[in-house]
file input23.txt (compact mmCIF, C-alpha atoms and all ligand atoms)
# COMPACT_ATOMS: atom_id res chain seq x y z
CA MET A 1 -5.02 -0.17 17.93
CA LEU A 2 -3.11 1.40 15.02
CA ARG A 3 -5.03 3.93 12.99
CA PRO A 4 -6.35 1.99 9.98
CA PHE A 5 -5.19 3.05 6.53
CA ILE A 6 -7.42 2.41 3.52
CA ALA A 7 -5.66 3.15 0.25
CA GLY A 8 -6.94 2.86 -3.30
CA ASN A 9 -4.52 1.80 -6.02
CA TRP A 10 -6.12 2.94 -9.26
CA LYS A 11 -3.41 1.24 -11.36
CA MET A 12 -3.60 2.13 -15.09
CA ASN A 13 -7.31 2.95 -15.10
CA LEU A 14 -9.70 5.87 -15.56
CA THR A 15 -9.71 9.00 -17.72
CA LEU A 16 -8.67 12.37 -16.37
CA LYS A 17 -12.32 13.37 -15.99
CA GLU A 18 -13.16 10.13 -14.19
CA SER A 19 -10.14 10.58 -11.92
CA ARG A 20 -11.27 14.05 -10.91
CA GLU A 21 -14.82 12.82 -10.28
CA LEU A 22 -13.71 9.83 -8.24
CA ALA A 23 -11.33 11.97 -6.18
CA GLY A 24 -14.17 14.44 -5.56
CA SER A 25 -16.48 11.64 -4.40
CA VAL A 26 -13.83 10.24 -2.06
CA ARG A 27 -13.14 13.72 -0.68
CA ASP A 28 -16.85 14.42 -0.07
CA GLY A 29 -17.67 10.92 1.12
CA THR A 30 -14.97 10.93 3.79
CA GLU A 31 -15.77 14.31 5.30
CA GLY A 32 -17.20 12.95 8.54
CA ILE A 33 -14.69 10.11 8.82
CA THR A 34 -12.23 10.36 11.68
CA GLY A 35 -9.68 7.92 13.01
CA VAL A 36 -9.02 6.36 9.60
CA ASP A 37 -6.40 7.40 7.05
CA VAL A 38 -7.74 7.33 3.50
CA GLY A 39 -5.56 7.59 0.42
CA VAL A 40 -5.75 7.35 -3.35
CA CYS A 41 -2.97 6.49 -5.80
CA PRO A 42 -3.88 7.63 -9.31
CA PRO A 43 -1.80 7.20 -12.48
CA SER A 44 1.15 9.61 -12.37
CA VAL A 45 -0.11 11.87 -15.18
CA PHE A 46 -3.28 12.57 -13.17
CA LEU A 47 -1.59 13.28 -9.83
CA GLU A 48 -1.52 17.05 -10.13
CA ASP A 49 -5.17 17.27 -11.10
CA VAL A 50 -6.26 14.89 -8.39
CA TYR A 51 -4.20 16.90 -5.91
CA SER A 52 -6.13 20.05 -6.84
CA VAL A 53 -9.38 18.19 -6.11
CA LEU A 54 -8.15 16.84 -2.77
CA GLU A 55 -6.35 19.96 -1.56
CA GLY A 56 -7.62 21.03 1.84
CA SER A 57 -9.14 17.62 2.57
CA SER A 58 -7.59 14.87 4.67
CA VAL A 59 -7.38 12.40 1.77
CA ILE A 60 -3.80 11.30 1.21
CA LEU A 61 -2.31 11.38 -2.29
CA GLY A 62 0.13 8.67 -3.28
CA ALA A 63 1.97 7.75 -6.46
CA GLN A 64 2.08 4.17 -7.71
CA ASN A 65 5.84 4.10 -8.23
CA MET A 66 8.96 6.26 -8.39
CA HIS A 67 12.60 5.89 -9.41
CA TRP A 68 15.41 5.87 -6.86
CA GLU A 69 17.55 8.41 -8.70
CA ASP A 70 16.84 12.15 -8.55
CA LYS A 71 17.06 12.83 -12.28
CA GLY A 72 18.73 11.81 -15.48
CA ALA A 73 18.40 9.56 -18.47
CA PHE A 74 15.63 7.29 -17.20
CA THR A 75 13.03 7.45 -19.95
CA GLY A 76 9.52 6.89 -18.70
CA GLU A 77 10.36 7.18 -15.00
CA VAL A 78 9.38 9.78 -12.38
CA SER A 79 11.48 10.84 -9.41
CA GLY A 80 10.59 11.31 -5.77
CA ASP A 81 10.99 15.08 -6.13
CA MET A 82 8.57 15.05 -9.06
CA ILE A 83 5.82 13.22 -7.25
CA LYS A 84 6.32 15.44 -4.20
CA GLU A 85 6.05 18.54 -6.34
CA VAL A 86 2.59 17.49 -7.53
CA GLY A 87 1.34 16.87 -4.00
CA CYS A 88 2.19 13.27 -3.11
CA THR A 89 3.09 12.41 0.46
CA HIS A 90 3.03 8.66 -0.16
CA VAL A 91 4.22 6.19 -2.78
CA ILE A 92 3.50 2.52 -3.45
CA LEU A 93 6.78 0.63 -3.89
CA GLY A 94 7.42 -2.98 -4.84
CA HIS A 95 3.91 -3.71 -6.05
CA SER A 96 3.70 -7.24 -7.45
CA GLU A 97 2.89 -5.88 -10.91
CA ARG A 98 6.15 -3.89 -10.77
CA ARG A 99 8.00 -6.99 -9.61
CA HIS A 100 6.50 -9.55 -11.96
CA VAL A 101 5.43 -7.58 -15.04
CA PHE A 102 8.28 -5.06 -15.08
CA GLY A 103 11.03 -7.12 -13.50
CA GLU A 104 11.74 -5.03 -10.41
CA THR A 105 14.11 -6.81 -8.07
CA ASP A 106 14.35 -6.73 -4.29
CA SER A 107 17.43 -4.58 -4.60
CA MET A 108 15.74 -2.01 -6.86
CA ILE A 109 12.87 -1.83 -4.41
CA ASN A 110 15.33 -1.36 -1.56
CA SER A 111 16.92 1.58 -3.43
CA LYS A 112 13.49 3.11 -3.91
CA LEU A 113 12.60 2.70 -0.24
CA ARG A 114 15.85 4.37 0.82
CA THR A 115 15.26 7.29 -1.55
CA ALA A 116 11.66 7.69 -0.39
CA PHE A 117 12.76 8.05 3.23
CA THR A 118 15.55 10.45 2.28
CA LYS A 119 12.95 12.64 0.63
CA GLY A 120 10.35 12.36 3.37
CA ILE A 121 7.91 10.42 1.21
CA MET A 122 6.01 7.68 3.06
CA PRO A 123 6.29 4.36 1.24
CA ILE A 124 3.66 1.66 1.08
CA PHE A 125 5.98 -1.29 0.64
CA CYS A 126 4.29 -4.26 -1.04
CA LEU A 127 5.26 -7.88 -0.80
CA GLY A 128 3.57 -11.21 -1.39
CA GLU A 129 4.02 -14.72 -2.67
CA ARG A 130 2.95 -16.23 -5.99
CA LEU A 131 0.54 -19.14 -6.22
CA GLU A 132 3.27 -21.71 -6.89
CA GLU A 133 5.21 -20.43 -3.88
CA ARG A 134 2.17 -20.79 -1.63
CA GLU A 135 1.42 -24.25 -2.99
CA SER A 136 4.98 -25.40 -2.44
CA GLY A 137 4.85 -24.20 1.16
CA SER A 138 7.41 -21.42 0.76
CA THR A 139 5.19 -18.42 1.56
CA PHE A 140 7.04 -17.48 4.76
CA GLU A 141 10.41 -17.88 3.09
CA VAL A 142 9.41 -15.56 0.22
CA ILE A 143 7.95 -12.97 2.56
CA GLU A 144 11.05 -13.03 4.75
CA ARG A 145 13.36 -12.61 1.76
CA GLN A 146 11.33 -9.71 0.33
CA LEU A 147 11.09 -8.05 3.73
CA ARG A 148 14.77 -8.34 4.67
CA ALA A 149 16.01 -7.34 1.21
CA GLY A 150 13.54 -4.47 0.91
CA LEU A 151 14.41 -2.99 4.31
CA ALA A 152 18.18 -3.55 4.15
CA GLY A 153 20.07 -0.55 5.46
CA LEU A 154 17.01 1.41 6.57
CA ARG A 155 17.20 3.09 9.96
CA PRO A 156 14.86 1.71 12.63
CA GLU A 157 13.17 5.13 12.87
CA ASP A 158 12.34 4.91 9.16
CA VAL A 159 11.04 1.36 9.49
CA SER A 160 8.79 2.51 12.33
CA ARG A 161 7.04 4.92 9.93
CA LEU A 162 6.65 2.36 7.20
CA THR A 163 3.42 0.98 5.82
CA ILE A 164 3.70 -2.57 4.51
CA ALA A 165 1.11 -4.13 2.22
CA TYR A 166 0.85 -7.91 2.08
CA GLU A 167 -0.61 -8.71 -1.31
CA PRO A 168 -0.55 -12.39 -2.27
CA VAL A 169 -0.09 -12.37 -6.04
CA TRP A 170 -2.72 -15.08 -6.54
CA ALA A 171 -5.33 -12.86 -4.88
CA ILE A 172 -4.74 -9.73 -6.94
CA GLY A 173 -7.47 -9.03 -9.46
CA THR A 174 -8.65 -12.61 -9.31
CA GLY A 175 -11.69 -12.20 -7.09
CA LYS A 176 -10.10 -14.82 -4.83
CA ASN A 177 -9.03 -13.03 -1.65
CA ALA A 178 -6.90 -14.61 1.02
CA THR A 179 -9.11 -15.72 3.89
CA SER A 180 -8.77 -13.62 7.00
CA THR A 181 -6.97 -16.56 8.63
CA GLN A 182 -4.46 -16.87 5.77
CA ALA A 183 -3.85 -13.13 5.76
CA GLN A 184 -3.49 -12.88 9.55
CA GLU A 185 -1.00 -15.72 9.52
CA VAL A 186 1.31 -13.83 7.14
CA HIS A 187 0.72 -10.45 8.81
CA GLY A 188 1.60 -12.00 12.16
CA ARG A 189 4.75 -13.42 10.65
CA ILE A 190 5.76 -10.04 9.19
CA ARG A 191 5.18 -8.43 12.60
CA ALA A 192 7.30 -11.11 14.28
CA LEU A 193 10.15 -10.60 11.78
CA LEU A 194 10.04 -6.86 12.38
CA LYS A 195 10.15 -7.44 16.12
CA GLU A 196 13.12 -9.75 15.78
CA SER A 197 15.09 -7.20 13.74
CA TYR A 198 13.96 -3.86 15.13
CA GLY A 199 12.36 -4.54 18.51
CA GLU A 200 8.89 -4.35 19.98
CA ASP A 201 8.30 -0.59 19.64
CA VAL A 202 9.14 -0.45 15.95
CA SER A 203 7.20 -3.60 15.09
CA ALA A 204 4.14 -2.36 16.95
CA SER A 205 4.10 0.92 15.04
CA VAL A 206 4.23 -0.47 11.48
CA ARG A 207 0.90 -0.64 9.73
CA ILE A 208 0.47 -3.82 7.71
CA LEU A 209 -2.25 -3.56 5.07
CA TYR A 210 -3.82 -6.47 3.24
CA GLY A 211 -4.44 -6.27 -0.52
CA GLY A 212 -5.89 -8.68 -3.05
CA SER A 213 -9.55 -8.77 -4.10
CA VAL A 214 -10.71 -6.63 -1.18
CA LYS A 215 -14.43 -5.88 -1.48
CA PRO A 216 -17.00 -4.33 0.84
CA ASP A 217 -18.19 -7.83 1.79
CA ASN A 218 -14.81 -9.13 2.95
CA ALA A 219 -13.38 -5.89 4.38
CA VAL A 220 -15.00 -6.24 7.82
CA GLU A 221 -13.61 -9.68 8.49
CA LEU A 222 -10.13 -8.83 7.21
CA LEU A 223 -10.00 -5.65 9.29
CA ALA A 224 -11.03 -7.57 12.40
CA GLN A 225 -7.71 -9.45 12.42
CA PRO A 226 -5.23 -8.23 15.02
CA ASP A 227 -2.35 -7.63 12.59
CA ILE A 228 -4.36 -6.24 9.67
CA ASN A 229 -4.15 -2.47 10.00
CA GLY A 230 -5.77 -1.45 6.77
CA LEU A 231 -6.38 -2.39 3.17
CA LEU A 232 -4.81 -1.67 -0.21
CA VAL A 233 -7.69 -1.83 -2.63
CA GLY A 234 -7.44 -2.18 -6.41
CA GLY A 235 -10.61 -2.80 -8.44
CA ALA A 236 -13.04 -1.86 -5.67
CA SER A 237 -11.35 1.55 -5.28
CA LEU A 238 -12.34 2.55 -8.82
CA LYS A 239 -15.99 3.01 -7.83
CA SER A 240 -16.71 5.51 -5.10
CA ASP A 241 -19.60 3.42 -3.68
CA SER A 242 -17.53 0.34 -3.03
CA PHE A 243 -14.46 2.28 -1.85
CA LEU A 244 -16.53 4.38 0.56
CA GLU A 245 -18.20 1.23 1.87
CA ILE A 246 -14.80 -0.25 2.66
CA ILE A 247 -13.78 3.00 4.38
CA SER A 248 -17.00 2.92 6.42
CA ALA A 249 -16.16 -0.61 7.54
CA ALA A 250 -12.86 0.68 8.95
CA PHE A 251 -14.59 3.67 10.55
CA GLU A 252 -17.15 1.41 12.25
CA GLN A 253 -14.35 -0.76 13.56
CA VAL A 254 -12.57 2.26 15.04
CA ARG A 255 -15.81 3.49 16.63
CA SER A 256 -16.65 0.14 18.13
CA ALA A 257 -13.15 -0.14 19.61
CA VAL A 258 -13.53 3.09 21.61
P1 LIG B 301 -7.45 -5.90 -6.50
O1 LIG B 301 -8.13 -5.29 -5.30
O2 LIG B 301 -8.05 -5.43 -7.80
O3 LIG B 301 -7.32 -7.38 -6.38
O4 LIG B 301 -5.94 -5.31 -6.52
C1 LIG B 301 -5.19 -5.37 -5.37
C2 LIG B 301 -3.95 -4.58 -5.56
O5 LIG B 301 -3.06 -4.97 -6.30
C3 LIG B 301 -3.84 -3.30 -4.85
O6 LIG B 301 -2.55 -2.79 -4.93
call {"tool": "encode", "arguments": {"input": "input23.txt", "output": "structure tokens"}}
result
Amino acid sequence: MLRPFIAGNWKMNLTLKESRELAGSVRDGTEGITGVDVGVCPPSVFLEDVYSVLEGSSVILGAQNMHWEDKGAFTGEVSGDMIKEVGCTHVILGHSERRHVFGETDSMINSKLRTAFTKGIMPIFCLGERLEERESGSTFEVIERQLRAGLAGLRPEDVSRLTIAYEPVWAIGTGKNATSTQAQEVHGRIRALLKESYGEDVSASVRILYGGSVKPDNAVELLAQPDINGLLVGGASLKSDSFLEIISAAFEQVRSAV
């Protein structure tokens, strides 16, 4: 069993004070938790402060985005070096809001993934189909295109350290999560595509998280699926109670597997 990874994507939410408090609650609430990786991804302007709260704990700090270039005239962007300097070890790349609200293409996301690995930052690479794509039966096609284009040119040893997050666009922020069967079907497909391109060892080492309306009451069932290795949580990660409940669900699963 791969070590589960529960990550909170705070998106563009919270004040600085609330960010510090939430980070403190996650840090304290996960003290006795072993066998589960826990991470938070605050807005970029709060990263340094959140890092100072998390320092010394095992909670992972991730950014929500980064540019592929090191520096230059890219108003409004942050570089990999910048997010590293304020304590990030991880970064979310290719989130559907970046793709569909800000027009990020597969090739931009591929550039970002390559840069992240060059800099030793661990990417959480997001992909997922839109409602019309699911309804027209092209989910697998979309996933395959996003996966192949996103990973183009990466070395197999980088792919083996990757975290992928399957986030169906229609399930994000809608309260309508994919059923565990729907999610497992796509996760299984992603695993099979990885196996086909990179072999058994690499495919078996990639953690595939599910994201999209994850709540404490659906976390257990989603985590029970063989190819769901963790969760990328939006709304429910903004309240320490619900986020810690989801983390506990993963912890219980790890304990019961021993
Ligand atoms: P919600 O959990 O709010 O649906 O958001 C999911 C998500 O986009 C996490 O990256």
call {"tool": "closest_residue", "arguments": {"input": "input23.txt", "among": "A:Ser240, A:Ser57, A:Asn229, A:Ser248", "to": "A:Glu18", "atoms": "all atoms listed in the file"}}
result
A:Ser240
call {"tool": "atom_distance", "arguments": {"input": "input23.txt", "atom1": "atom CA of A:Lys17", "atom2": "atom CA of A:Thr174"}}
result
27.1 Å
call {"tool": "residues_near_ligand", "arguments": {"input": "input23.txt", "ligand": "ligand LIG 301 (chain B)", "cutoff": "7 Å", "atoms": "all atoms listed in the file", "output": "MDAnalysis selection string"}}
result
chainID A and resid 9 95 167 171:175 211:214 232:236
call {"tool": "residues_near_point", "arguments": {"input": "input23.txt", "point": "(6.9, 7.8, 2.3)", "cutoff": "9 Å", "atoms": "all atoms listed in the file", "output": "PyMOL selection string"}}
result
chain A and resi 62+89-92+113+116-117+119-124+161-163
call {"tool": "residues_around", "arguments": {"input": "input23.txt", "residues": "A:Glu144", "least_positions_apart": "5", "cutoff": "9 Å", "atoms": "all atoms listed in the file", "output": "list of chain:residue names"}}
result
A:Thr139, A:Ala149, A:Arg189, A:Ile190, A:Leu193
call {"tool": "closest_residue", "arguments": {"input": "input23.txt", "among": "A:Tyr210, A:Ser44, A:Asp37, A:Arg99", "to": "A:Glu77", "atoms": "all atoms listed in the file"}}
result
A:Ser44
call {"tool": "atom_distance", "arguments": {"input": "input23.txt", "atom1": "atom CA of A:Phe74", "atom2": "atom CA of A:Ile164"}}
result
26.7 Å
call {"tool": "atom_distance", "arguments": {"input": "input23.txt", "atom1": "atom CA of A:Ser52", "atom2": "atom CA of A:His67"}}
result
23.6 Å
call {"tool": "residues_around", "arguments": {"input": "input23.txt", "residues": "A:Cys88", "least_positions_apart": "5", "cutoff": "12 Å", "atoms": "only C-alpha atoms", "output": "PDB file with C-alpha atoms, keeping the file's coordinate frame"}}
result
ATOM      1  CA  GLY A  39      -5.560   7.590   0.420  1.00  0.00           C
ATOM      2  CA  VAL A  40      -5.750   7.350  -3.350  1.00  0.00           C
ATOM      3  CA  CYS A  41      -2.970   6.490  -5.800  1.00  0.00           C
ATOM      4  CA  PRO A  42      -3.880   7.630  -9.310  1.00  0.00           C
ATOM      5  CA  PRO A  43      -1.800   7.200 -12.480  1.00  0.00           C
ATOM      6  CA  SER A  44       1.150   9.610 -12.370  1.00  0.00           C
ATOM      7  CA  PHE A  46      -3.280  12.570 -13.170  1.00  0.00           C
ATOM      8  CA  LEU A  47      -1.590  13.280  -9.830  1.00  0.00           C
ATOM      9  CA  GLU A  48      -1.520  17.050 -10.130  1.00  0.00           C
ATOM     10  CA  ASP A  49      -5.170  17.270 -11.100  1.00  0.00           C
ATOM     11  CA  VAL A  50      -6.260  14.890  -8.390  1.00  0.00           C
ATOM     12  CA  TYR A  51      -4.200  16.900  -5.910  1.00  0.00           C
ATOM     13  CA  SER A  52      -6.130  20.050  -6.840  1.00  0.00           C
ATOM     14  CA  LEU A  54      -8.150  16.840  -2.770  1.00  0.00           C
ATOM     15  CA  GLU A  55      -6.350  19.960  -1.560  1.00  0.00           C
ATOM     16  CA  VAL A  59      -7.380  12.400   1.770  1.00  0.00           C
ATOM     17  CA  ILE A  60      -3.800  11.300   1.210  1.00  0.00           C
ATOM     18  CA  LEU A  61      -2.310  11.380  -2.290  1.00  0.00           C
ATOM     19  CA  GLY A  62       0.130   8.670  -3.280  1.00  0.00           C
ATOM     20  CA  ALA A  63       1.970   7.750  -6.460  1.00  0.00           C
ATOM     21  CA  GLN A  64       2.080   4.170  -7.710  1.00  0.00           C
ATOM     22  CA  ASN A  65       5.840   4.100  -8.230  1.00  0.00           C
ATOM     23  CA  MET A  66       8.960   6.260  -8.390  1.00  0.00           C
ATOM     24  CA  SER A  79      11.480  10.840  -9.410  1.00  0.00           C
ATOM     25  CA  GLY A  80      10.590  11.310  -5.770  1.00  0.00           C
ATOM     26  CA  ASP A  81      10.990  15.080  -6.130  1.00  0.00           C
ATOM     27  CA  MET A  82       8.570  15.050  -9.060  1.00  0.00           C
ATOM     28  CA  ILE A  83       5.820  13.220  -7.250  1.00  0.00           C
ATOM     29  CA  ALA A 116      11.660   7.690  -0.390  1.00  0.00           C
ATOM     30  CA  LYS A 119      12.950  12.640   0.630  1.00  0.00           C
ATOM     31  CA  GLY A 120      10.350  12.360   3.370  1.00  0.00           C
ATOM     32  CA  ILE A 121       7.910  10.420   1.210  1.00  0.00           C
ATOM     33  CA  MET A 122       6.010   7.680   3.060  1.00  0.00           C
ATOM     34  CA  PRO A 123       6.290   4.360   1.240  1.00  0.00           C
TER      35      PRO A 123
END
call {"tool": "residues_around", "arguments": {"input": "input23.txt", "residues": "A:Ser203", "least_positions_apart": "6", "cutoff": "7 Å", "atoms": "all atoms listed in the file", "output": "PyMOL selection string"}}
result
chain A and resi 160+191+194-195
call {"tool": "closest_residue", "arguments": {"input": "input23.txt", "among": "A:Thr179, A:Ser242, A:Asn13, A:Pro156", "to": "A:Glu200", "atoms": "all atoms listed in the file"}}
result
A:Pro156
call {"tool": "closest_residue", "arguments": {"input": "input23.txt", "among": "A:Val36, A:Asn177, A:Glu97, A:Glu31", "to": "A:Ala7", "atoms": "all atoms listed in the file"}}
result
A:Val36
call {"tool": "closest_residue", "arguments": {"input": "input23.txt", "among": "A:Leu238, A:Ala23, A:Ala73, A:Ala249", "to": "A:Phe5", "atoms": "only C-alpha atoms"}}
result
A:Ala249
call {"tool": "residues_around", "arguments": {"input": "input23.txt", "residues": "A:Ser25", "least_positions_apart": "6", "cutoff": "10 Å", "atoms": "only C-alpha atoms", "output": "list in words"}}
result
Ser19, Val53, Leu54, Lys239, Ser240, Asp241, Phe243 and Leu244 of chain A
call {"tool": "residues_near_point", "arguments": {"input": "input23.txt", "point": "(-18.3, 10.3, 10.1)", "cutoff": "12 Å", "atoms": "all atoms listed in the file", "output": "ChimeraX atom specification"}}
result
/A:28-36,244,247-252,254-255
call {"tool": "closest_residue", "arguments": {"input": "input23.txt", "among": "A:Val186, A:Leu127, A:Ala257, A:Ile6", "to": "A:Ala219", "atoms": "all atoms listed in the file"}}
result
A:Ile6
